[in-house]
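The structure under discussion appears below in the form of structure tokens.
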Amino acid sequence: MGGILSHLVTKEHGAAGLPPGSIRLTFRGSAGQSFGAWLAPGIELTLYGDANDYVGKGLSGGVLALRPPEAAVFRAEENVIAGNTILYGATSGRAFFRGLVGERFAVRNSGASAVVEGVGDHGCEYMTGGVVVVLGPTGRNFAAGMSGGIAYVLDEDGRFAERCNHEQVGLEELDADDLLVVQALVEEHRERTGSTLAADFDAFVKVMPHEYRAALESGVVSAGGEGFYTRETE
């Protein structure tokens, strides 16, 4: 769901798509594979229910929000709302998940922003751009092969470092600019999903790729937009 609609929007309006919020659709129930795939700018999909694998595959500027049904009595942050390999190859847009997701979250994400309440193994694998905020537990091998973008992980138990792959990333404290980014995304997450999960902003850890840090410091690229790199020199 999303690919054919996005094709029609892009065919008519080009890669820029439509103004924000031009098309808003609400779904209820269990979505199958690739919900919101290649979603174009101007399209917003909200799902009350759950989804399978590849949610937001190739996300291209649209907005996704997944939340439990209105009548649900379980704690969203303790239950799975979507499957594996979410946001595979996403280039732009935003996605919000009120609940846990499976393995390989944001694999090869190159520009989308996302908020999630917990991920399985291999989170942010091969990520090259974008911003990911994790408001809950993470599995092992987080950030394997991550060369760009930034992840902010809530580390209330102080043990996230044990689950992170340090080969290509370092762990840093948040500065004032980081805090503004995280606060804005968490606030939008609450608005779009109804999340009541509290976030201790002092307990976040910043996952910064060494390659991206070096590029920023050398002036070859600068951070901008939703985590894209803007080349300053050819």
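Naming works like this for the structure tokens: A, B, ... for the chains as they're shown, residue 1 at the start of each chain, ligands 1 onward in shown order.
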>> Let's see if you can do this: from backbone DSSP, list all helix (DSSP H, G or I) residues in range 52-234 of chain A, as a PyMOL selection string.
In response: chain A and resi 76-78+160-163+176-193+201-203+210-218
> Residues of range 12-215 of chain A in strand (DSSP E) according to DSSP, as a VMD selection string?
Replying inline: chain A and resid 23 to 31 43 to 51 60 to 67 92 to 97 110 to 116 128 to 134 148 to 154 169 to 172 204 to 209
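Pairwise distance (CA of Gly170 in chain A, CA of Gly139 in chain A) equals 17.4 Å.
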Name all residues at most 7 Å from range 197-214 of chain A (count only C-alpha atoms; drop same-chain ones fewer than 6 positions away) and give them as an mmCIF file with N, CA, C and O atoms, in the first residue's frame.
data_model
loop_
_atom_site.group_PDB
_atom_site.id
_atom_site.type_symbol
_atom_site.label_atom_id
_atom_site.label_comp_id
_atom_site.auth_asym_id
_atom_site.auth_seq_id
_atom_site.Cartn_x
_atom_site.Cartn_y
_atom_site.Cartn_z
ATOM 1 N N LEU A 135 13.322 4.869 21.538
ATOM 2 C CA LEU A 135 12.823 5.199 22.879
ATOM 3 C C LEU A 135 12.724 3.985 23.787
ATOM 4 O O LEU A 135 12.031 4.035 24.817
ATOM 5 N N MET A 146 27.314 1.067 9.764
ATOM 6 C CA MET A 146 26.693 2.401 9.683
ATOM 7 C C MET A 146 27.755 3.439 9.346
ATOM 8 O O MET A 146 28.701 3.645 10.095
ATOM 9 N N SER A 147 27.596 4.120 8.209
ATOM 10 C CA SER A 147 28.610 5.080 7.767
ATOM 11 C C SER A 147 28.111 6.518 7.752
ATOM 12 O O SER A 147 28.893 7.443 7.549
ATOM 13 N N GLY A 148 26.814 6.738 7.953
ATOM 14 C CA GLY A 148 26.272 8.091 7.934
ATOM 15 C C GLY A 148 24.970 8.164 8.692
ATOM 16 O O GLY A 148 24.428 7.166 9.154
ATOM 17 N N ILE A 150 22.570 9.759 11.930
ATOM 18 C CA ILE A 150 22.755 9.781 13.379
ATOM 19 C C ILE A 150 21.626 9.005 14.037
ATOM 20 O O ILE A 150 20.469 9.097 13.608
ATOM 21 N N ALA A 151 21.946 8.259 15.068
ATOM 22 C CA ALA A 151 20.931 7.581 15.872
ATOM 23 C C ALA A 151 21.023 8.090 17.305
ATOM 24 O O ALA A 151 22.124 8.311 17.830
ATOM 25 N N TYR A 152 19.880 8.289 17.914
ATOM 26 C CA TYR A 152 19.794 8.691 19.320
ATOM 27 C C TYR A 152 19.058 7.584 20.065
ATOM 28 O O TYR A 152 17.902 7.288 19.767
ATOM 29 N N VAL A 153 19.732 6.969 21.025
ATOM 30 C CA VAL A 153 19.188 5.790 21.696
ATOM 31 C C VAL A 153 19.021 6.075 23.187
ATOM 32 O O VAL A 153 19.964 6.525 23.854
ATOM 33 N N LEU A 154 17.833 5.826 23.703
ATOM 34 C CA LEU A 154 17.575 5.984 25.131
ATOM 35 C C LEU A 154 18.281 4.856 25.874
ATOM 36 O O LEU A 154 18.005 3.676 25.644
ATOM 37 N N ASP A 155 19.201 5.206 26.751
ATOM 38 C CA ASP A 155 20.062 4.222 27.421
ATOM 39 C C ASP A 155 19.886 4.326 28.929
ATOM 40 O O ASP A 155 20.824 4.646 29.658
ATOM 41 N N GLU A 156 18.692 4.023 29.386
ATOM 42 C CA GLU A 156 18.388 4.197 30.812
ATOM 43 C C GLU A 156 19.144 3.216 31.706
ATOM 44 O O GLU A 156 19.436 3.534 32.857
ATOM 45 N N GLN A 168 32.460 1.049 13.319
ATOM 46 C CA GLN A 168 32.388 2.234 12.478
ATOM 47 C C GLN A 168 31.724 3.429 13.153
ATOM 48 O O GLN A 168 31.534 4.463 12.516
ATOM 49 N N VAL A 169 31.361 3.313 14.429
ATOM 50 C CA VAL A 169 30.678 4.410 15.115
ATOM 51 C C VAL A 169 31.280 4.659 16.488
ATOM 52 O O VAL A 169 31.940 3.797 17.069
ATOM 53 N N GLY A 170 31.035 5.856 16.985
ATOM 54 C CA GLY A 170 31.384 6.186 18.348
ATOM 55 C C GLY A 170 30.134 6.640 19.091
ATOM 56 O O GLY A 170 29.136 7.025 18.471
ATOM 57 N N LEU A 171 30.190 6.607 20.409
ATOM 58 C CA LEU A 171 29.068 7.040 21.235
ATOM 59 C C LEU A 171 29.408 8.378 21.870
ATOM 60 O O LEU A 171 30.483 8.543 22.444
ATOM 61 N N GLU A 172 28.490 9.339 21.753
ATOM 62 C CA GLU A 172 28.735 10.695 22.233
ATOM 63 C C GLU A 172 27.567 11.188 23.073
ATOM 64 O O GLU A 172 26.461 10.628 23.015
ATOM 65 N N GLU A 173 27.819 12.245 23.825
ATOM 66 C CA GLU A 173 26.741 12.928 24.528
ATOM 67 C C GLU A 173 26.034 13.873 23.560
ATOM 68 O O GLU A 173 26.611 14.336 22.586
ATOM 69 N N LEU A 174 24.774 14.163 23.845
ATOM 70 C CA LEU A 174 24.012 15.076 23.008
ATOM 71 C C LEU A 174 24.387 16.517 23.315
ATOM 72 O O LEU A 174 24.577 16.884 24.487
#
> Counting only C-alpha atoms, which of A:Gln183, A:Thr196, A:Thr91, A:Thr138 gets nearest to Asn165 in chain A?
Replying inline: A:Thr138
> When you draw a straight line from CA of Gly62 in chain A to CA of Phe27 in chain A, how long is it in Å?
Replying inline: 15.6 Å
